[in-house]
$ cat my_file.cif   # mmCIF, C-alpha atoms
data_coords
loop_
_atom_site.label_atom_id
_atom_site.label_comp_id
_atom_site.auth_asym_id
_atom_site.auth_seq_id
_atom_site.Cartn_x
_atom_site.Cartn_y
_atom_site.Cartn_z
CA MET A 1 118.53 105.43 106.97
CA SER A 2 118.20 107.30 105.02
CA ARG A 3 115.29 108.69 103.15
CA LEU A 4 114.09 112.24 103.14
CA HIS A 5 110.91 111.57 105.12
CA ASP A 6 113.06 110.61 108.15
CA MET A 7 113.55 114.26 109.10
CA GLY A 8 113.37 114.29 112.92
CA GLY A 9 116.03 116.66 114.28
CA ARG A 10 117.00 118.06 110.87
CA PHE A 11 118.23 121.66 110.77
CA GLY A 12 117.20 124.32 108.30
CA ASP A 13 113.42 124.06 108.03
CA GLY A 14 112.63 127.50 109.45
CA PRO A 15 109.78 128.49 111.73
CA VAL A 16 106.53 126.60 112.26
CA VAL A 17 103.66 128.80 111.16
CA PRO A 18 100.58 128.09 113.27
CA GLU A 19 97.17 128.68 111.76
CA ALA A 20 94.61 130.84 113.49
CA GLU A 21 92.53 128.76 115.82
CA ASP A 22 89.41 129.51 117.79
CA ALA A 23 88.36 127.04 120.44
CA PRO A 24 87.33 124.44 120.01
CA VAL A 25 86.77 123.31 116.42
CA PHE A 26 86.14 123.78 112.75
CA ALA A 27 87.35 127.34 113.09
CA GLU A 28 89.59 126.87 110.09
CA GLU A 29 89.10 125.08 106.85
CA VAL A 30 89.76 121.37 107.28
CA PHE A 31 90.95 121.26 103.68
CA ALA A 32 92.82 124.29 102.38
CA GLU A 33 91.92 123.37 98.78
CA ASP A 34 89.04 121.36 97.35
CA TRP A 35 91.46 118.99 95.67
CA HIS A 36 93.03 118.14 99.06
CA ALA A 37 89.68 116.72 100.12
CA ARG A 38 89.35 114.76 96.87
CA ALA A 39 92.92 113.44 97.20
CA LEU A 40 92.24 112.20 100.71
CA ALA A 41 88.94 110.62 99.71
CA VAL A 42 90.30 108.91 96.56
CA THR A 43 93.21 107.54 98.60
CA LEU A 44 90.96 106.13 101.33
CA ALA A 45 88.52 104.70 98.79
CA CYS A 46 91.34 102.97 96.89
CA GLY A 47 92.69 101.60 100.16
CA ALA A 48 89.33 99.91 100.67
CA LEU A 49 90.03 97.78 97.55
CA GLY A 50 92.32 95.78 99.86
CA GLN A 51 95.36 95.61 97.59
CA TRP A 52 97.85 97.08 100.09
CA ASN A 53 98.25 97.91 103.77
CA ILE A 54 99.16 101.12 105.60
CA ASP A 55 102.85 100.19 105.70
CA THR A 56 102.92 99.58 101.95
CA SER A 57 101.29 102.95 101.33
CA ARG A 58 103.66 104.80 103.66
CA HIS A 59 106.59 103.21 101.86
CA ALA A 60 105.17 104.25 98.48
CA ARG A 61 105.30 107.89 99.62
CA GLU A 62 108.68 107.59 101.31
CA ARG A 63 110.41 106.21 98.24
CA LEU A 64 109.52 109.18 96.09
CA ALA A 65 112.68 110.65 94.63
CA PRO A 66 114.08 113.23 97.08
CA LYS A 67 113.53 116.04 94.61
CA ASP A 68 109.84 115.09 94.38
CA TYR A 69 109.43 114.51 98.12
CA THR A 70 110.83 117.98 98.73
CA ARG A 71 108.81 119.93 96.19
CA PHE A 72 105.51 118.07 96.56
CA SER A 73 102.91 119.33 98.99
CA TYR A 74 101.46 116.85 101.48
CA TYR A 75 98.58 115.59 99.33
CA GLU A 76 100.73 115.57 96.18
CA LYS A 77 102.85 112.97 97.95
CA TRP A 78 99.70 110.99 98.63
CA LEU A 79 98.69 111.14 94.95
CA ALA A 80 102.14 110.14 93.74
CA GLY A 81 102.23 107.22 96.18
CA LEU A 82 98.73 106.18 95.14
CA ALA A 83 99.57 106.20 91.43
CA THR A 84 102.62 104.07 92.15
CA LEU A 85 100.62 101.53 94.14
CA LEU A 86 97.74 101.33 91.65
CA VAL A 87 100.19 100.39 88.90
CA GLU A 88 102.48 98.16 90.98
CA LYS A 89 99.54 96.17 92.35
CA GLY A 90 98.04 95.80 88.88
CA VAL A 91 94.87 97.72 89.64
CA LEU A 92 95.53 100.16 86.80
CA SER A 93 97.96 100.01 83.90
CA ARG A 94 100.29 102.75 82.76
CA ALA A 95 98.06 103.05 79.72
CA ASP A 96 95.09 103.69 82.02
CA LEU A 97 96.96 106.57 83.63
CA ALA A 98 98.07 107.95 80.28
CA THR A 99 94.46 107.77 79.12
CA ALA A 100 93.32 109.54 82.26
CA GLU A 101 95.70 112.36 81.49
CA ALA A 102 94.23 112.65 78.02
CA GLY A 103 90.85 113.29 79.59
CA GLY A 104 89.51 109.77 79.41
CA ARG A 105 89.73 109.43 75.63
CA GLN A 106 91.81 106.85 73.86
CA LYS A 107 94.47 108.04 71.47
CA ASP A 108 92.43 106.92 68.48
CA GLY A 109 89.62 109.19 69.59
CA THR A 110 87.30 106.45 70.79
CA GLY A 111 85.99 106.55 74.33
CA ALA A 112 86.17 103.83 76.94
CA GLU A 113 82.45 103.16 76.96
CA ALA A 114 82.76 99.48 76.06
CA GLU A 115 85.21 98.72 78.83
CA ALA A 116 84.76 95.38 80.61
CA PRO A 117 84.05 95.51 84.36
CA HIS A 118 87.19 95.66 86.48
CA PRO A 119 87.80 92.46 88.51
CA LEU A 120 88.00 94.52 91.71
CA ALA A 121 84.86 96.56 91.02
CA ALA A 122 82.82 94.43 93.43
CA ARG A 123 85.11 95.61 96.23
CA ALA A 124 84.56 99.31 95.59
CA LEU A 125 83.62 101.21 98.73
CA LYS A 126 79.94 102.19 98.66
CA ALA A 127 78.70 105.46 100.13
CA SER A 128 76.47 103.52 102.49
CA ASP A 129 79.49 101.64 103.88
CA VAL A 130 81.75 104.65 104.49
CA ALA A 131 80.70 105.35 108.07
CA ALA A 132 81.06 101.72 109.13
CA THR A 133 84.41 101.34 107.36
CA LEU A 134 85.90 104.44 108.99
CA ALA A 135 84.50 103.45 112.40
CA LYS A 136 85.91 99.93 112.10
CA GLY A 137 89.45 101.22 111.53
CA GLY A 138 92.38 98.88 111.02
CA PRO A 139 93.83 97.80 114.34
CA ALA A 140 97.51 96.77 114.17
CA ASP A 141 97.69 94.57 117.27
CA ARG A 142 97.97 90.85 116.60
CA PRO A 143 98.69 87.79 118.75
CA SER A 144 102.37 86.87 118.60
CA ASP A 145 104.50 84.00 119.81
CA VAL A 146 107.58 86.23 120.06
CA PRO A 147 108.45 86.31 123.79
CA VAL A 148 108.29 89.70 125.49
CA VAL A 149 111.85 90.33 126.69
CA PHE A 150 111.70 93.87 128.14
CA ALA A 151 109.67 95.27 131.02
CA PRO A 152 108.87 98.86 132.00
CA GLY A 153 111.98 100.42 133.54
CA ASP A 154 114.45 98.28 131.56
CA ALA A 155 117.38 100.08 129.93
CA VAL A 156 117.43 99.51 126.16
CA ARG A 157 119.40 100.76 123.17
CA CYS A 158 118.25 101.21 119.56
CA ARG A 159 120.22 98.81 117.42
CA ARG A 160 122.93 100.16 115.19
CA PRO A 161 122.97 100.37 112.26
CA GLY A 162 119.35 101.39 111.74
CA GLY A 163 117.35 100.52 108.68
CA ASN A 164 115.23 97.64 107.48
CA ARG A 165 116.98 94.33 108.19
CA LEU A 166 114.83 92.33 105.78
CA VAL A 167 114.92 94.53 102.66
CA ALA A 168 117.79 96.86 101.77
CA GLY A 169 116.40 100.37 101.59
CA GLY A 170 113.05 99.10 102.82
CA HIS A 171 110.50 100.67 105.11
CA THR A 172 111.27 101.02 108.80
CA ARG A 173 109.81 103.01 111.71
CA LEU A 174 113.01 103.57 113.66
CA PRO A 175 113.90 107.21 113.00
CA GLY A 176 117.55 107.86 112.22
CA TYR A 177 117.97 110.28 115.11
CA ALA A 178 117.35 107.49 117.65
CA VAL A 179 119.72 104.90 116.17
CA GLY A 180 122.29 103.90 118.81
CA ALA A 181 120.56 105.92 121.53
CA SER A 182 119.81 104.50 124.99
CA GLY A 183 116.59 104.94 126.88
CA ARG A 184 114.27 103.07 129.16
CA VAL A 185 111.06 101.20 128.53
CA LEU A 186 108.01 103.18 129.61
CA ARG A 187 105.28 100.74 128.68
CA LEU A 188 104.45 97.70 126.57
CA HIS A 189 101.77 98.41 123.95
CA GLY A 190 101.17 94.72 123.27
CA THR A 191 102.21 92.91 120.10
CA HIS A 192 101.83 94.74 116.79
CA ILE A 193 102.42 94.11 113.08
CA LEU A 194 106.07 94.79 112.16
CA PRO A 195 106.07 97.47 109.41
CA ASP A 196 109.51 96.41 108.13
CA SER A 197 107.95 93.11 107.10
CA ALA A 198 104.36 94.07 106.29
CA ALA A 199 105.35 96.93 103.96
CA HIS A 200 107.05 94.45 101.64
CA GLY A 201 104.51 91.64 101.51
CA LEU A 202 106.62 89.49 103.85
CA GLY A 203 103.87 88.87 106.37
CA GLU A 204 102.68 90.70 109.47
CA ALA A 205 105.39 89.23 111.74
CA PRO A 206 103.83 90.70 114.92
CA GLU A 207 106.16 91.29 117.86
CA PRO A 208 106.21 93.30 121.12
CA LEU A 209 105.95 97.08 120.73
CA TYR A 210 107.20 99.40 123.47
CA ALA A 211 107.08 103.09 124.30
CA VAL A 212 110.71 103.96 125.07
CA VAL A 213 111.71 107.26 126.68
CA PHE A 214 115.03 108.93 125.82
CA PRO A 215 116.61 111.88 127.62
CA ALA A 216 116.92 114.76 125.12
CA ALA A 217 120.63 114.87 125.98
CA GLU A 218 120.98 111.31 124.64
CA LEU A 219 119.63 112.41 121.24
CA TRP A 220 120.85 115.97 120.68
CA SER A 221 124.20 117.64 121.21
CA ALA A 222 122.57 120.78 122.57
CA PRO A 223 119.32 119.86 124.32
CA GLU A 224 117.12 122.77 125.33
CA HIS A 225 116.59 121.62 128.91
CA PRO A 226 118.28 118.95 131.05
CA ARG A 227 115.03 117.22 131.95
CA ASP A 228 113.37 117.16 128.52
CA GLU A 229 112.63 113.78 126.95
CA VAL A 230 111.45 112.17 123.72
CA VAL A 231 109.32 109.02 123.59
CA LEU A 232 109.29 106.71 120.57
CA ASP A 233 107.21 103.60 119.92
CA LEU A 234 109.70 100.89 119.02
CA TRP A 235 109.41 97.24 118.04
CA GLN A 236 111.37 94.69 120.02
CA SER A 237 113.64 93.81 117.08
CA TYR A 238 114.76 97.47 116.95
CA LEU A 239 116.09 97.19 120.51
CA GLU A 240 118.85 95.49 122.50
CA PRO A 241 119.58 95.56 126.24
CA ALA A 242 121.64 98.62 127.21
CA MET B 1 114.60 98.09 94.60
CA PRO B 2 112.99 98.52 91.16
CA HIS B 3 111.84 102.09 91.79
CA ASP B 4 113.82 104.24 89.43
CA HIS B 5 112.18 107.63 89.32
CA ALA B 6 112.13 107.77 85.54
CA ASP B 7 109.66 104.88 85.64
CA ALA B 8 107.49 106.22 88.44
CA PRO B 9 103.85 105.93 87.39
CA HIS B 10 102.91 109.26 88.92
CA SER B 11 104.91 110.99 86.22
CA LEU B 12 102.21 109.88 83.78
CA LEU B 13 99.70 112.10 85.55
CA PRO B 14 99.28 115.83 84.84
CA PRO B 15 101.55 118.24 86.74
CA ASP B 16 98.76 120.31 88.29
CA PRO B 17 97.65 118.41 91.41
CA ALA B 18 93.98 119.38 91.06
CA LEU B 19 93.98 117.92 87.54
CA ARG B 20 95.92 114.91 88.79
CA VAL B 21 93.18 114.08 91.31
CA LYS B 22 90.53 114.65 88.70
CA ALA B 23 92.30 112.34 86.25
CA LEU B 24 92.64 109.56 88.81
CA GLU B 25 89.07 109.97 89.99
CA THR B 26 87.79 109.82 86.42
CA VAL B 27 89.62 106.66 85.41
CA LEU B 28 88.85 104.89 88.71
CA THR B 29 85.17 105.81 88.51
CA ARG B 30 84.91 104.66 84.93
CA LYS B 31 86.26 101.26 85.96
CA GLY B 32 83.86 101.00 88.86
CA LEU B 33 86.70 101.05 91.41
CA ILE B 34 85.49 104.10 93.27
CA ASP B 35 82.05 105.54 93.80
CA PRO B 36 81.97 109.37 93.70
CA ALA B 37 79.17 109.31 96.28
CA ALA B 38 81.48 107.45 98.66
CA LEU B 39 84.12 110.15 98.16
CA ASP B 40 81.56 112.82 99.04
CA GLU B 41 80.64 110.86 102.15
CA ILE B 42 84.28 110.57 103.26
CA ILE B 43 84.82 114.30 102.76
CA ASP B 44 81.63 115.23 104.61
CA THR B 45 82.68 113.01 107.51
CA TYR B 46 85.99 114.75 108.06
CA GLN B 47 84.77 118.21 107.10
CA ASN B 48 81.65 118.29 109.24
CA ARG B 49 81.33 115.33 111.60
CA ILE B 50 84.72 114.27 112.94
CA GLY B 51 86.97 116.97 114.37
CA PRO B 52 88.53 118.35 117.55
CA ALA B 53 85.10 118.78 119.17
CA ASN B 54 85.27 115.06 119.93
CA GLY B 55 88.58 115.41 121.74
CA ALA B 56 87.37 118.53 123.56
CA ARG B 57 84.39 116.62 124.95
CA VAL B 58 86.71 113.89 126.23
CA VAL B 59 89.03 116.41 127.90
CA ALA B 60 86.16 118.34 129.53
CA ARG B 61 84.70 115.14 130.89
CA ALA B 62 88.10 114.10 132.26
CA TRP B 63 88.37 117.46 134.03
CA ALA B 64 84.88 117.15 135.46
CA ASP B 65 84.85 113.47 136.40
CA PRO B 66 87.86 112.03 138.30
CA GLU B 67 86.73 108.45 137.83
CA PHE B 68 86.43 108.94 134.04
CA ARG B 69 89.85 110.62 133.99
CA ALA B 70 91.44 107.69 135.85
CA ARG B 71 89.95 105.15 133.43
CA LEU B 72 90.96 107.25 130.41
CA LEU B 73 94.58 107.54 131.53
CA ALA B 74 94.81 103.86 132.50
CA ASP B 75 93.35 102.39 129.29
CA ALA B 76 91.82 104.82 126.82
CA ASP B 77 90.58 102.44 124.10
CA PRO B 78 87.52 100.94 125.84
CA VAL B 79 86.56 104.34 127.26
CA LEU B 80 86.72 106.02 123.86
CA ALA B 81 84.94 103.10 122.20
CA GLU B 82 82.02 103.55 124.62
CA LEU B 83 81.80 107.18 123.50
CA GLY B 84 81.83 106.16 119.81
CA TYR B 85 85.28 107.66 119.18
CA TYR B 86 86.97 104.48 117.98
CA GLY B 87 87.96 104.31 114.32
CA ARG B 88 90.48 104.81 111.57
CA GLN B 89 93.77 106.30 112.87
CA GLY B 90 92.54 106.01 116.44
CA GLU B 91 92.68 102.26 116.97
CA HIS B 92 95.29 102.39 119.73
CA MET B 93 94.89 105.53 121.81
CA VAL B 94 97.01 106.64 124.73
CA VAL B 95 96.08 109.78 126.68
CA VAL B 96 98.95 111.61 128.39
CA GLU B 97 98.35 114.14 131.12
CA ASN B 98 100.01 117.53 131.50
CA THR B 99 101.08 118.53 135.00
CA ALA B 100 103.08 121.38 136.48
CA GLN B 101 106.10 119.07 136.29
CA GLN B 102 105.63 117.72 132.77
CA HIS B 103 104.25 119.12 129.52
CA ASN B 104 103.46 116.64 126.74
CA MET B 105 103.62 117.39 123.02
CA VAL B 106 102.92 115.10 120.02
CA VAL B 107 104.59 114.84 116.61
CA CYS B 108 105.14 112.26 113.90
CA THR B 109 108.62 112.78 112.47
CA LEU B 110 108.22 110.07 109.81
CA CYS B 111 104.88 111.11 108.30
CA SER B 112 101.96 112.83 110.02
CA CYS B 113 100.27 110.28 112.30
CA TYR B 114 97.43 111.89 114.24
CA PRO B 115 94.35 110.72 116.19
CA TRP B 116 91.68 111.28 113.54
CA PRO B 117 88.59 110.12 115.50
CA LEU B 118 89.36 112.67 118.25
CA LEU B 119 90.96 115.57 116.37
CA GLY B 120 89.96 115.08 112.73
CA ILE B 121 92.40 115.71 109.88
CA PRO B 122 95.65 117.32 111.06
CA PRO B 123 96.27 121.02 110.39
CA GLY B 124 98.83 122.02 107.76
CA TRP B 125 101.55 122.95 110.26
CA TYR B 126 101.39 119.51 111.88
CA LYS B 127 102.23 117.99 108.48
CA SER B 128 104.94 120.56 107.70
CA ASP B 129 108.62 119.67 107.44
CA ALA B 130 109.44 122.37 109.99
CA TYR B 131 107.23 120.87 112.69
CA ARG B 132 108.25 117.28 111.96
CA ALA B 133 111.94 118.16 111.96
CA ARG B 134 112.03 120.49 114.94
CA ALA B 135 109.44 119.32 117.49
CA VAL B 136 111.73 116.57 118.80
CA ARG B 137 114.94 118.63 118.91
CA GLU B 138 113.76 122.04 120.05
CA PRO B 139 110.21 121.73 121.39
CA ARG B 140 110.53 124.89 123.47
CA LYS B 141 111.44 127.04 120.47
CA VAL B 142 108.53 125.51 118.58
CA LEU B 143 106.19 126.18 121.51
CA ALA B 144 107.36 129.79 121.56
CA GLU B 145 106.24 130.08 117.93
CA PHE B 146 102.78 129.06 119.16
CA GLY B 147 102.98 131.69 121.89
CA VAL B 148 103.51 129.15 124.66
CA SER B 149 106.30 129.49 127.19
CA LEU B 150 106.76 127.02 130.02
CA PRO B 151 108.29 127.60 133.44
CA ASP B 152 111.78 126.22 133.86
CA GLY B 153 110.47 123.70 136.38
CA THR B 154 108.31 122.03 133.71
CA ALA B 155 110.00 119.29 131.68
CA VAL B 156 108.85 118.67 128.09
CA ARG B 157 108.14 115.14 126.95
CA VAL B 158 107.70 114.86 123.16
CA TRP B 159 105.86 111.80 121.85
CA ASP B 160 107.00 110.77 118.35
CA SER B 161 104.17 108.63 116.91
CA THR B 162 106.36 106.05 115.23
CA ALA B 163 103.87 103.16 115.41
CA GLU B 164 100.06 102.85 115.13
CA VAL B 165 99.60 104.19 118.66
CA ARG B 166 98.05 107.68 118.67
CA TYR B 167 98.48 110.16 121.49
CA LEU B 168 96.12 112.76 122.90
CA VAL B 169 97.34 115.34 125.40
CA LEU B 170 95.09 116.00 128.38
CA PRO B 171 95.83 119.68 129.05
CA MET B 172 95.88 121.13 132.56
CA ARG B 173 92.54 122.44 133.70
CA PRO B 174 92.78 126.23 133.65
CA ALA B 175 92.56 128.24 136.84
CA GLY B 176 89.21 129.92 137.33
CA SER B 177 87.25 127.07 135.71
CA GLU B 178 85.95 125.66 138.98
CA GLY B 179 82.23 125.14 138.95
CA LEU B 180 81.88 125.38 135.16
CA SER B 181 79.61 122.85 133.45
CA GLU B 182 81.09 120.19 131.19
CA ASP B 183 79.79 122.10 128.15
CA ALA B 184 81.40 125.31 129.35
CA LEU B 185 84.66 123.45 129.94
CA THR B 186 84.57 122.08 126.38
CA ALA B 187 84.78 125.62 125.05
CA LEU B 188 88.14 126.07 126.80
CA VAL B 189 89.76 123.13 124.99
CA SER B 190 91.56 124.09 121.80
CA ARG B 191 92.81 121.63 119.23
CA ASP B 192 96.38 122.72 119.83
CA SER B 193 96.06 122.09 123.57
CA MET B 194 95.33 118.44 122.76
CA ILE B 195 98.45 118.20 120.56
CA GLY B 196 100.51 119.98 123.21
CA THR B 197 101.36 123.05 121.13
CA GLY B 198 98.83 125.09 123.09
CA LEU B 199 97.31 125.35 126.54
CA ALA B 200 93.67 125.27 127.55
CA GLN B 201 92.13 128.73 127.49
CA LEU B 202 91.25 130.67 130.60
CA PRO B 203 87.55 131.15 131.19
CA GLU B 204 86.23 134.61 130.40
CA GLY B 205 86.63 136.94 133.30
CA ALA B 206 89.19 134.72 135.03
CA ALA B 207 92.03 136.53 136.74
CA THR B 208 95.21 136.22 134.69
#
$ encode --input "my_file.cif" --output "C-alpha cells"
Amino acid sequence: MSRLHDMGGRFGDGPVVPEAEDAPVFAEEVFAEDWHARALAVTLACGALGQWNIDTSRHARERLAPKDYTRFSYYEKWLAGLATLLVEKGVLSRADLATAEAGGRQKDGTGAEAEAPHPLAARALKASDVAATLAKGGPADRPSDVPVVFAPGDAVRCRRPGGNRLVAGGHTRLPGYAVGASGRVLRLHGTHILPDSAAHGLGEAPEPLYAVVFPAAELWSAPEHPRDEVVLDLWQSYLEPA
Amino acid sequence: MPHDHADAPHSLLPPDPALRVKALETVLTRKGLIDPAALDEIIDTYQNRIGPANGARVVARAWADPEFRARLLADADPVLAELGYYGRQGEHMVVVENTAQQHNMVVCTLCSCYPWPLLGIPPGWYKSDAYRARAVREPRKVLAEFGVSLPDGTAVRVWDSTAEVRYLVLPMRPAGSEGLSEDALTALVSRDSMIGTGLAQLPEGAAT
C-alpha cells in the first residue's frame, strides 16, 4: 500500500457498463480504436527485446503519478509505462523520444538516415516468429528450495503491514483490501517467481504460491451475502499461520 | 525511488495517444527494434484468430464429454495444451465450475489479468476502474448491471487474479440443451459466461 492501481473494494467508481455481446465471439470490436491495437502490438514487440519482465512492466504502469493513472485510458498507461522502461533500460534515450515527437527529424533539420544499427536490433521480433512467440508464452513456475509450509485447508492470515518487504514503495501482488485478513488455503499452485523481487531486478526468488479463500465478511464491513467468498493467489511470504 | 513525475520519460511524447504510439513506432522502427510487419501479425492474431471462440469450444466439449470435463477441472494445462490453447497470458490455467450452490466470477483488481489464449483481449469493462474496484466487494450488484440475478441459495466466489494463474469459468449447461451437438452447444457460450458476469444462453425454443 498504497498506489492507485490497488483499487479492489474502493467506493465511488459508479456502474459497470457492459458492452453489447452476441454469442459467442468477435461480436464487438476487439480494439475500440486503431491506436489501441498499435499500442498493444508495440508493447508486446518491445517486450520481446528481453530487457524487462512482466513484473517490471506492471510496476512501470503502477508507479505513474496518481493524476496520470487516473486520467489515462488503459492503453495510455501501457504507453507511458513503455516509454519509462525504454529509457530506464537504456534502449532509447530521452533525446530519441524528443526526436520522435518532432516527427523523426533532428533539431538541426537533418534526418536520422545515417544512424548506426541499434545493439538490440538483432533481437527484434520478426513477423515470422510472432505466432511461435505468443504460443510459447512466459510461464512463471520455477523450481524452488523454499519448503512448502501450508496445505489445503490450513488457516492463514495475510501479513500486516502489506507492501513490498524488499523495496520501499516497490511492486507487490497482495492487494490492500486483503492485508490482515484470514482465510484458508484452497490449493497449492506450485512454486512461482516472486513479483516483489523480480520487478526490481533482485532475482526470481521462486516460492510456493497458493489460492487462498476469504469469506466476504472477513474483507468487507457490509458483505452482500453471508456465504460469498473471494479467492486470491498469494505467495507464501505474504502469509502467516492464522 | 527515483521516479519523480517531472522526469517521467513519457512526458516527452505527444499528448494525443494516437500520435504517441505513432511516434514510438517510428523511432523504434528506424532503429530496427521493431518490425512493423510483426506488429501487423500481432494485431491480426488477437483481432481475428484468438478470441472467446476458443473458450466456447472448451466449454461445449466439457458439457458434452464428462471425461474431458473431469480432466479439465483436475488439471487444465495439459488438456488445453493438447487443444493448442496454451500461450501468452494462459500459461497457468485453472477452470472453475459453476453449480447451483456456487457461482464463480473473475476479476483482476491490480491490473487486468485475463486468459488471452481462451478469451482473447479483455473487453473495456473488464479493464475499467469500476469493475476492478467493485467486483470483489459487491459482485451481486455488478452482476445485476449485467442483467444477471442469482438465487439466494447460490453463493458467489470471486477469483482475484493476483498471480500468473488465469481463471476460466465453466458455466452451467443450460436447460433444454440436451441432445445438442458440440457445435450447437458452442453457440450458447458467451464470453461473459466464461468470466462469470453472464450465464450460458438458453437454446432457441427452450422453455424459459
$ residues_around --input "my_file.cif" --residues "Gly14 in chain A" --least-positions-apart "3" --cutoff "10 Å" --atoms "only C-alpha atoms" --output "PDB file with C-alpha atoms, in the coordinates of the input"
ATOM      1  CA  PHE A  11     118.230 121.660 110.770  1.00  0.00           C
ATOM      2  CA  VAL A  17     103.660 128.800 111.160  1.00  0.00           C
TER       3      VAL A  17
ATOM      4  CA  ASP B 129     108.620 119.670 107.440  1.00  0.00           C
ATOM      5  CA  ALA B 130     109.440 122.370 109.990  1.00  0.00           C
ATOM      6  CA  TYR B 131     107.230 120.870 112.690  1.00  0.00           C
ATOM      7  CA  ALA B 133     111.940 118.160 111.960  1.00  0.00           C
ATOM      8  CA  ARG B 134     112.030 120.490 114.940  1.00  0.00           C
TER       9      ARG B 134
END
$ interface_residues --input "my_file.cif" --of "chain A" --to "chain B" --cutoff "6 Å" --atoms "all atoms listed in the file" --output "JSON, numbers by chain"
{"A": [5, 6, 7, 8, 9, 10, 13, 16, 23, 24, 25, 30, 35, 39, 41, 80, 83, 84, 98, 100, 101, 118, 121, 124, 126, 127, 134, 135, 136, 137, 139, 173, 227, 228, 229, 230, 231, 232, 233]}
$ residues_around --input "my_file.cif" --residues "Arg184 in chain A" --least-positions-apart "3" --cutoff "9 Å" --atoms "all atoms listed in the file" --output "list in words"
Pro152, Gly153, Asp154, Ala155, Val156, Arg157, Ala211, Val212, Val213, Phe214 and Ala242 of chain A
$ resolve_selection --input "my_file.cif" --expression "the PyMOL selection byres ((chain A and resi 48-50) around 9)" --output "number ranges by chain"
A: 43-47, 51-53, 120-125, 133; B: 33-34
$ residues_around --input "my_file.cif" --residues "Thr172 in chain A" --least-positions-apart "6" --cutoff "8 Å" --atoms "all atoms listed in the file" --output "list in words"
Gly163, Asn164, Pro195 and Asp196 of chain A
$ resolve_selection --input "my_file.cif" --expression "the PyMOL selection byres ((chain A and resi 177-179) around 7)" --output "list of chain:residue names"
A:Gly8, A:Gly9, A:Cys158, A:Arg159, A:Arg160, A:Pro161, A:Gly162, A:Pro175, A:Gly176, A:Gly180, A:Ala181, A:Leu219
$ atom_distance --input "my_file.cif" --atom1 "CA of Ala64 in chain B" --atom2 "CA of Gln101 in chain B"
21.3 Å
$ residues_around --input "my_file.cif" --residues "Trp235 in chain A" --least-positions-apart "6" --cutoff "9 Å" --atoms "only C-alpha atoms" --output "PDB file with C-alpha atoms, in the coordinates of the input"
ATOM      1  CA  ARG A 173     109.810 103.010 111.710  1.00  0.00           C
ATOM      2  CA  LEU A 174     113.010 103.570 113.660  1.00  0.00           C
ATOM      3  CA  THR A 191     102.210  92.910 120.100  1.00  0.00           C
ATOM      4  CA  HIS A 192     101.830  94.740 116.790  1.00  0.00           C
ATOM      5  CA  LEU A 194     106.070  94.790 112.160  1.00  0.00           C
ATOM      6  CA  GLU A 207     106.160  91.290 117.860  1.00  0.00           C
ATOM      7  CA  PRO A 208     106.210  93.300 121.120  1.00  0.00           C
ATOM      8  CA  LEU A 209     105.950  97.080 120.730  1.00  0.00           C
ATOM      9  CA  TYR A 210     107.200  99.400 123.470  1.00  0.00           C
ATOM     10  CA  ALA A 211     107.080 103.090 124.300  1.00  0.00           C
TER      11      ALA A 211
ATOM     12  CA  ALA B 163     103.870 103.160 115.410  1.00  0.00           C
TER      13      ALA B 163
END
$ atom_distance --input "my_file.cif" --atom1 "CA of Phe150 in chain A" --atom2 "CA of His189 in chain A"
11.7 Å
$ atom_distance --input "my_file.cif" --atom1 "CA of Glu97 in chain B" --atom2 "CA of Glu178 in chain B"
18.7 Å
$ axis_aligned_box --input "my_file.cif" --around "range 233-242 of chain A" --padding-each-side "3 Å" --output "AutoDock Vina command-line options"
--center_x 114.4 --center_y 98.7 --center_z 122.1 --size_x 20.4 --size_y 15.8 --size_z 16.3
$ residues_near_point --input "my_file.cif" --point "(98.3, 108.3, 101.2)" --cutoff "8 Å" --atoms "only C-alpha atoms" --output "VMD selection string"
chain A and resid 40 43 to 44 57 to 58 61 75 77 to 79 81 to 82
